[in-house]
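Visitor: Structure file run32.cif (mmCIF, C-alpha atoms, pLDDT in the B column; chains and numbers go by the auth columns) right here:
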```cif
data_input
loop_
_atom_site.group_PDB
_atom_site.id
_atom_site.type_symbol
_atom_site.label_atom_id
_atom_site.label_comp_id
_atom_site.label_asym_id
_atom_site.label_seq_id
_atom_site.Cartn_x
_atom_site.Cartn_y
_atom_site.Cartn_z
_atom_site.B_iso_or_equiv
_atom_site.auth_seq_id
_atom_site.auth_asym_id
ATOM 1 C CA MET A 1 29.322 15.137 9.942 80.00 1 U
ATOM 2 C CA SER A 2 26.182 13.152 9.187 85.00 2 U
ATOM 3 C CA THR A 3 25.134 9.856 10.719 83.00 3 U
ATOM 4 C CA LEU A 4 23.517 7.107 8.702 78.00 4 U
ATOM 5 C CA VAL A 5 20.471 5.617 10.414 82.00 5 U
ATOM 6 C CA GLY A 6 18.313 2.830 9.050 89.00 6 U
ATOM 7 C CA TRP A 7 15.122 1.017 9.906 91.00 7 U
ATOM 8 C CA HIS A 8 14.249 -2.491 8.854 93.00 8 U
ATOM 9 C CA VAL A 9 10.657 -2.954 7.640 94.00 9 U
ATOM 10 C CA GLU A 10 9.023 -6.275 6.781 96.00 10 U
ATOM 11 C CA LEU A 11 5.611 -6.908 5.235 97.00 11 U
ATOM 12 C CA GLU A 12 4.100 -10.353 4.788 97.00 12 U
ATOM 13 C CA PHE A 13 0.771 -11.145 3.165 96.00 13 U
ATOM 14 C CA THR A 14 -1.662 -14.028 3.440 95.00 14 U
ATOM 15 C CA GLU A 15 -4.680 -14.642 1.262 92.00 15 U
ATOM 16 C CA ASP A 16 -7.684 -16.569 2.559 91.00 16 U
ATOM 17 C CA GLY A 17 -10.596 -16.558 0.178 88.00 17 U
ATOM 18 C CA HIS A 18 -11.817 -12.964 -0.090 90.00 18 U
ATOM 19 C CA ARG A 19 -9.606 -11.719 2.771 93.00 19 U
ATOM 20 C CA THR A 20 -6.037 -10.410 2.548 94.00 20 U
ATOM 21 C CA THR A 21 -4.015 -9.902 5.724 97.00 21 U
ATOM 22 C CA ALA A 22 -0.783 -7.909 5.966 98.00 22 U
ATOM 23 C CA ALA A 23 1.591 -8.344 8.895 98.00 23 U
ATOM 24 C CA ALA A 24 4.034 -5.449 9.244 98.00 24 U
ATOM 25 C CA MET A 25 7.074 -5.088 11.467 97.00 25 U
ATOM 26 C CA VAL A 26 9.538 -2.242 11.823 96.00 26 U
ATOM 27 C CA ARG A 27 12.820 -2.490 13.716 95.00 27 U
ATOM 28 C CA LEU A 28 14.031 0.959 14.717 89.00 28 U
ATOM 29 C CA GLY A 29 17.587 2.153 15.181 86.00 29 U
ATOM 30 C CA ASP A 30 17.301 1.755 18.971 85.00 30 U
ATOM 31 C CA GLY A 31 16.537 -1.964 18.519 88.00 31 U
ATOM 32 C CA SER A 32 12.859 -1.689 19.425 90.00 32 U
ATOM 33 C CA GLU A 33 10.279 -3.420 17.240 95.00 33 U
ATOM 34 C CA MET A 34 6.677 -2.565 16.482 96.00 34 U
ATOM 35 C CA ARG A 35 4.146 -4.812 14.808 98.00 35 U
ATOM 36 C CA ALA A 36 0.792 -4.210 13.170 98.00 36 U
ATOM 37 C CA ARG A 37 -1.790 -5.922 10.972 98.00 37 U
ATOM 38 C CA GLY A 38 -3.973 -4.638 8.185 98.00 38 U
ATOM 39 C CA TYR A 39 -6.873 -6.292 6.372 97.00 39 U
ATOM 40 C CA ALA A 40 -8.667 -6.037 3.059 95.00 40 U
ATOM 41 C CA LEU A 41 -11.865 -7.775 2.013 93.00 41 U
ATOM 42 C CA ARG A 42 -12.840 -8.403 -1.596 85.00 42 U
ATOM 43 C CA HIS A 43 -16.503 -8.470 -2.500 82.00 43 U
ATOM 44 C CA PRO A 44 -17.377 -11.904 -3.932 80.00 44 U
ATOM 45 C CA SER A 45 -18.532 -10.344 -7.219 79.00 45 U
ATOM 46 C CA ASP A 46 -15.251 -8.427 -7.725 79.00 46 U
ATOM 47 C CA PRO A 47 -12.481 -9.960 -9.842 78.00 47 U
ATOM 48 C CA ALA A 48 -9.557 -11.501 -7.959 77.00 48 U
ATOM 49 C CA GLN A 49 -6.777 -8.887 -7.920 75.00 49 U
ATOM 50 C CA LEU A 50 -4.305 -10.047 -5.296 70.00 50 U
ATOM 51 C CA ARG A 51 -2.069 -7.026 -5.763 86.00 51 U
ATOM 52 C CA VAL A 52 -4.897 -4.626 -4.909 88.00 52 U
ATOM 53 C CA GLY A 53 -5.753 -6.527 -1.720 91.00 53 U
ATOM 54 C CA GLU A 54 -2.084 -6.498 -0.734 93.00 54 U
ATOM 55 C CA GLU A 55 -1.833 -2.756 -1.344 94.00 55 U
ATOM 56 C CA ILE A 56 -4.885 -2.002 0.790 94.00 56 U
ATOM 57 C CA ALA A 57 -3.975 -4.398 3.618 96.00 57 U
ATOM 58 C CA GLY A 58 -0.325 -3.274 3.517 97.00 58 U
ATOM 59 C CA ALA A 59 -1.249 0.402 3.623 97.00 59 U
ATOM 60 C CA ARG A 60 -3.527 -0.176 6.608 97.00 60 U
ATOM 61 C CA ALA A 61 -0.790 -2.057 8.477 98.00 61 U
ATOM 62 C CA LEU A 62 1.731 0.702 7.716 97.00 62 U
ATOM 63 C CA MET A 63 -0.727 3.381 8.879 97.00 63 U
ATOM 64 C CA ASP A 64 -1.039 1.514 12.181 96.00 64 U
ATOM 65 C CA LEU A 65 2.772 1.349 12.482 96.00 65 U
ATOM 66 C CA ALA A 66 3.003 5.082 11.754 94.00 66 U
ATOM 67 C CA SER A 67 0.505 5.794 14.537 93.00 67 U
ATOM 68 C CA GLN A 68 2.447 3.626 16.979 93.00 68 U
ATOM 69 C CA MET A 69 5.701 5.382 16.049 91.00 69 U
ATOM 70 C CA LEU A 70 4.124 8.806 16.628 91.00 70 U
ATOM 71 C CA GLN A 71 2.886 7.690 20.045 90.00 71 U
ATOM 72 C CA LYS A 72 6.355 6.350 20.911 90.00 72 U
ATOM 73 C CA ALA A 73 8.082 9.544 19.777 89.00 73 U
ATOM 74 C CA HIS A 74 5.682 11.798 21.686 91.00 74 U
ATOM 75 C CA GLY A 75 6.079 9.660 24.796 89.00 75 U
ATOM 76 C CA GLU A 76 9.840 10.157 24.559 89.00 76 U
ATOM 77 C CA ILE A 77 9.404 13.912 24.042 90.00 77 U
ATOM 78 C CA ASP A 78 7.060 14.113 27.036 89.00 78 U
ATOM 79 C CA GLU A 79 9.483 12.174 29.214 89.00 79 U
ATOM 80 C CA ALA A 80 12.466 14.321 28.212 89.00 80 U
ATOM 81 C CA THR A 81 10.715 17.681 28.575 88.00 81 U
ATOM 82 C CA GLY A 82 8.245 16.982 31.367 88.00 82 U
ATOM 83 C CA ARG A 83 5.514 18.523 29.200 87.00 83 U
ATOM 84 C CA HIS A 84 2.766 17.038 27.055 86.00 84 U
ATOM 85 C CA SER A 85 3.521 17.202 23.327 82.00 85 U
ATOM 86 C CA TYR A 86 0.900 17.258 20.614 78.00 86 U
ATOM 87 C CA PRO A 87 1.289 15.391 17.337 70.00 87 U
ATOM 88 C CA LEU A 88 0.447 17.314 14.214 68.00 88 U
ATOM 89 C CA THR A 89 -2.593 15.976 12.410 60.00 89 U
ATOM 90 C CA ARG A 90 -3.838 16.630 8.927 52.00 90 U
#
```
As a first step, turn the structure in this file into structure tokens.

Guide:
Amino acid sequence: MSTLVGWHVELEFTEDGHRTTAAAMVRLGDGSEMRARGYALRHPSDPAQLRVGEEIAGARALMDLASQMLQKAHGEIDEATGRHSYPLTR
């Protein structure tokens, strides 16, 4: 029998001149929440492409969340096993 598990992820963006900020939040199945921010800067001579700034800032915020989730998971593994676990890196 399988169990359905879900996470709730939110991303919000703000634009301020040449700077785009993404605020990301994930709520995990255990009720814990993690938050992160990502930024993108547009060179003044580049055309205004809000979507591109959002994609870059959003990706950076999500990468930070992914790192936090890996740290959380490895902390839980270490606590349960009494040994130090090593995250796989690419």

Visitor: For segment 63-67 of chain U, I'd like the enclosing box, axis-aligned and padded by 3 Å on every side, reported as lines of an AutoDock Vina configuration file with centre and edge lengths in Å to one decimal.

Guide:
```
center_x = 1.0
center_y = 3.6
center_z = 11.7
size_x = 10.0
size_y = 10.4
size_z = 11.7
```

Visitor: Return the single residue from U:Ala61, U:Leu70, U:Ile77, U:Val9 that is closest to Arg27 of chain U, with distances computed using only C-alpha atoms.

Guide: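 Once distances to Arg27 of chain U are computed over only C-alpha atoms, the minimum belongs to U:Val9.
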
Visitor: By how many Å are atom CA of Gln68 of chain U and atom CA of Glu15 of chain U apart?

Guide: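 Taking atom CA of Gln68 of chain U and atom CA of Glu15 of chain U, their separation equals 25.1 Å.
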
Visitor: Looking at all atoms listed in the file, which of U:Glu55, U:Asp30, U:Thr81, U:Arg19 is the one that sits closest to His43 of chain U?

Guide: U:Arg19

Visitor: Taking into account all atoms listed in the file, which residue in the set U:Arg51, U:Ser67, U:Ser2, U:Gly38 is nearest to Ala22 of chain U?

Guide: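 The answer is U:Gly38, which sits nearest to Ala22 of chain U.
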
Visitor: Using the chain letters and residue numbers of this document, give as a PyMOL selection string the residues selected by the PyMOL selection byres ((chain U and resi 32) around 12).

Guide: chain U and resi 7-8+25-31+33-35+68-69+72

Visitor: Write out the residues from the selection above, keeping C-alpha atoms, as a short mmCIF file (atom, residue, chain, number, x, y, z; two decimals), in the coordinates of the input.

Guide:
```
data_model
loop_
_atom_site.label_atom_id
_atom_site.label_comp_id
_atom_site.auth_asym_id
_atom_site.auth_seq_id
_atom_site.Cartn_x
_atom_site.Cartn_y
_atom_site.Cartn_z
CA TRP U 7 15.12 1.02 9.91
CA HIS U 8 14.25 -2.49 8.85
CA MET U 25 7.07 -5.09 11.47
CA VAL U 26 9.54 -2.24 11.82
CA ARG U 27 12.82 -2.49 13.72
CA LEU U 28 14.03 0.96 14.72
CA GLY U 29 17.59 2.15 15.18
CA ASP U 30 17.30 1.76 18.97
CA GLY U 31 16.54 -1.96 18.52
CA GLU U 33 10.28 -3.42 17.24
CA MET U 34 6.68 -2.56 16.48
CA ARG U 35 4.15 -4.81 14.81
CA GLN U 68 2.45 3.63 16.98
CA MET U 69 5.70 5.38 16.05
CA LYS U 72 6.36 6.35 20.91
#
```

Visitor: Return as a VMD selection string the set of residues that the PyMOL selection byres ((chain U and resi 42) around 12) yields on the displayed structure.

Guide: chain U and resid 15 to 21 39 to 41 43 to 54 56 to 57

Visitor: Got time to write the residues from that selection, C-alpha atoms, as an mmCIF file, in the frame of the given file?

Guide:
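In the end it all went to selection.cif:
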```cif
data_model
loop_
_atom_site.group_PDB
_atom_site.id
_atom_site.type_symbol
_atom_site.label_atom_id
_atom_site.label_comp_id
_atom_site.auth_asym_id
_atom_site.auth_seq_id
_atom_site.Cartn_x
_atom_site.Cartn_y
_atom_site.Cartn_z
ATOM 1 C CA GLU U 15 -4.680 -14.642 1.262
ATOM 2 C CA ASP U 16 -7.684 -16.569 2.559
ATOM 3 C CA GLY U 17 -10.596 -16.558 0.178
ATOM 4 C CA HIS U 18 -11.817 -12.964 -0.090
ATOM 5 C CA ARG U 19 -9.606 -11.719 2.771
ATOM 6 C CA THR U 20 -6.037 -10.410 2.548
ATOM 7 C CA THR U 21 -4.015 -9.902 5.724
ATOM 8 C CA TYR U 39 -6.873 -6.292 6.372
ATOM 9 C CA ALA U 40 -8.667 -6.037 3.059
ATOM 10 C CA LEU U 41 -11.865 -7.775 2.013
ATOM 11 C CA HIS U 43 -16.503 -8.470 -2.500
ATOM 12 C CA PRO U 44 -17.377 -11.904 -3.932
ATOM 13 C CA SER U 45 -18.532 -10.344 -7.219
ATOM 14 C CA ASP U 46 -15.251 -8.427 -7.725
ATOM 15 C CA PRO U 47 -12.481 -9.960 -9.842
ATOM 16 C CA ALA U 48 -9.557 -11.501 -7.959
ATOM 17 C CA GLN U 49 -6.777 -8.887 -7.920
ATOM 18 C CA LEU U 50 -4.305 -10.047 -5.296
ATOM 19 C CA ARG U 51 -2.069 -7.026 -5.763
ATOM 20 C CA VAL U 52 -4.897 -4.626 -4.909
ATOM 21 C CA GLY U 53 -5.753 -6.527 -1.720
ATOM 22 C CA GLU U 54 -2.084 -6.498 -0.734
ATOM 23 C CA ILE U 56 -4.885 -2.002 0.790
ATOM 24 C CA ALA U 57 -3.975 -4.398 3.618
#
```

Visitor: Please rebuild segment 16-48 of chain U with N, CA and C atoms and give the result as a short mmCIF file (atom, residue, chain, number, x, y, z; two decimals), keeping the file's coordinate frame.

Guide:
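To be explicit, this is the file written out as rebuild31.cif:
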```cif
data_model
loop_
_atom_site.label_atom_id
_atom_site.label_comp_id
_atom_site.auth_asym_id
_atom_site.auth_seq_id
_atom_site.Cartn_x
_atom_site.Cartn_y
_atom_site.Cartn_z
N ASP U 16 -6.76 -15.52 2.13
CA ASP U 16 -7.68 -16.57 2.56
C ASP U 16 -9.05 -16.25 1.98
N GLY U 17 -9.33 -16.84 0.84
CA GLY U 17 -10.60 -16.56 0.18
C GLY U 17 -10.66 -15.12 -0.26
N HIS U 18 -11.61 -14.37 0.28
CA HIS U 18 -11.82 -12.96 -0.09
C HIS U 18 -11.07 -12.01 0.85
N ARG U 19 -10.27 -12.55 1.75
CA ARG U 19 -9.61 -11.72 2.77
C ARG U 19 -8.09 -11.74 2.57
N THR U 20 -7.50 -10.56 2.59
CA THR U 20 -6.04 -10.41 2.55
C THR U 20 -5.60 -9.81 3.88
N THR U 21 -4.57 -10.40 4.47
CA THR U 21 -4.01 -9.90 5.72
C THR U 21 -2.56 -9.51 5.49
N ALA U 22 -2.17 -8.36 6.01
CA ALA U 22 -0.78 -7.91 5.97
C ALA U 22 -0.26 -7.85 7.39
N ALA U 23 0.90 -8.44 7.61
CA ALA U 23 1.59 -8.34 8.90
C ALA U 23 2.82 -7.48 8.66
N ALA U 24 2.93 -6.39 9.40
CA ALA U 24 4.03 -5.45 9.24
C ALA U 24 4.86 -5.39 10.52
N MET U 25 6.16 -5.23 10.33
CA MET U 25 7.07 -5.09 11.47
C MET U 25 8.13 -4.07 11.09
N VAL U 26 8.44 -3.17 12.02
CA VAL U 26 9.54 -2.24 11.82
C VAL U 26 10.49 -2.39 13.00
N ARG U 27 11.77 -2.46 12.69
CA ARG U 27 12.82 -2.49 13.72
C ARG U 27 13.54 -1.15 13.62
N LEU U 28 13.45 -0.37 14.69
CA LEU U 28 14.03 0.96 14.72
C LEU U 28 15.51 0.93 15.09
N GLY U 29 16.16 2.05 14.90
CA GLY U 29 17.59 2.15 15.18
C GLY U 29 17.96 1.86 16.62
N ASP U 30 17.02 2.04 17.56
CA ASP U 30 17.30 1.76 18.97
C ASP U 30 17.08 0.28 19.31
N GLY U 31 16.73 -0.53 18.30
CA GLY U 31 16.54 -1.96 18.52
C GLY U 31 15.10 -2.35 18.85
N SER U 32 14.24 -1.37 19.10
CA SER U 32 12.86 -1.69 19.42
C SER U 32 12.12 -2.12 18.16
N GLU U 33 11.10 -2.94 18.35
CA GLU U 33 10.28 -3.42 17.24
C GLU U 33 8.82 -3.08 17.50
N MET U 34 8.11 -2.80 16.42
CA MET U 34 6.68 -2.56 16.48
C MET U 34 6.04 -3.43 15.41
N ARG U 35 4.85 -3.93 15.73
CA ARG U 35 4.15 -4.81 14.81
C ARG U 35 2.71 -4.34 14.64
N ALA U 36 2.17 -4.60 13.45
CA ALA U 36 0.79 -4.21 13.17
C ALA U 36 0.23 -5.14 12.10
N ARG U 37 -1.10 -5.15 12.01
CA ARG U 37 -1.79 -5.92 10.97
C ARG U 37 -2.77 -5.02 10.25
N GLY U 38 -2.98 -5.33 8.99
CA GLY U 38 -3.97 -4.64 8.18
C GLY U 38 -4.76 -5.67 7.39
N TYR U 39 -5.99 -5.34 7.05
CA TYR U 39 -6.87 -6.29 6.37
C TYR U 39 -7.54 -5.63 5.18
N ALA U 40 -7.87 -6.47 4.20
CA ALA U 40 -8.67 -6.04 3.06
C ALA U 40 -9.63 -7.16 2.73
N LEU U 41 -10.85 -6.80 2.41
CA LEU U 41 -11.86 -7.78 2.01
C LEU U 41 -12.31 -7.49 0.58
N ARG U 42 -12.38 -8.53 -0.22
CA ARG U 42 -12.84 -8.40 -1.60
C ARG U 42 -14.29 -8.86 -1.67
N HIS U 43 -15.11 -8.07 -2.30
CA HIS U 43 -16.50 -8.47 -2.50
C HIS U 43 -16.52 -9.69 -3.42
N PRO U 44 -17.36 -10.68 -3.12
CA PRO U 44 -17.38 -11.90 -3.93
C PRO U 44 -17.61 -11.67 -5.43
N SER U 45 -18.28 -10.59 -5.80
CA SER U 45 -18.53 -10.34 -7.22
C SER U 45 -17.38 -9.61 -7.91
N ASP U 46 -16.40 -9.12 -7.14
CA ASP U 46 -15.25 -8.43 -7.72
C ASP U 46 -14.24 -9.43 -8.26
N PRO U 47 -13.51 -9.06 -9.32
CA PRO U 47 -12.48 -9.96 -9.84
C PRO U 47 -11.33 -10.11 -8.84
N ALA U 48 -10.70 -11.26 -8.85
CA ALA U 48 -9.56 -11.50 -7.96
C ALA U 48 -8.37 -10.68 -8.44
#
```
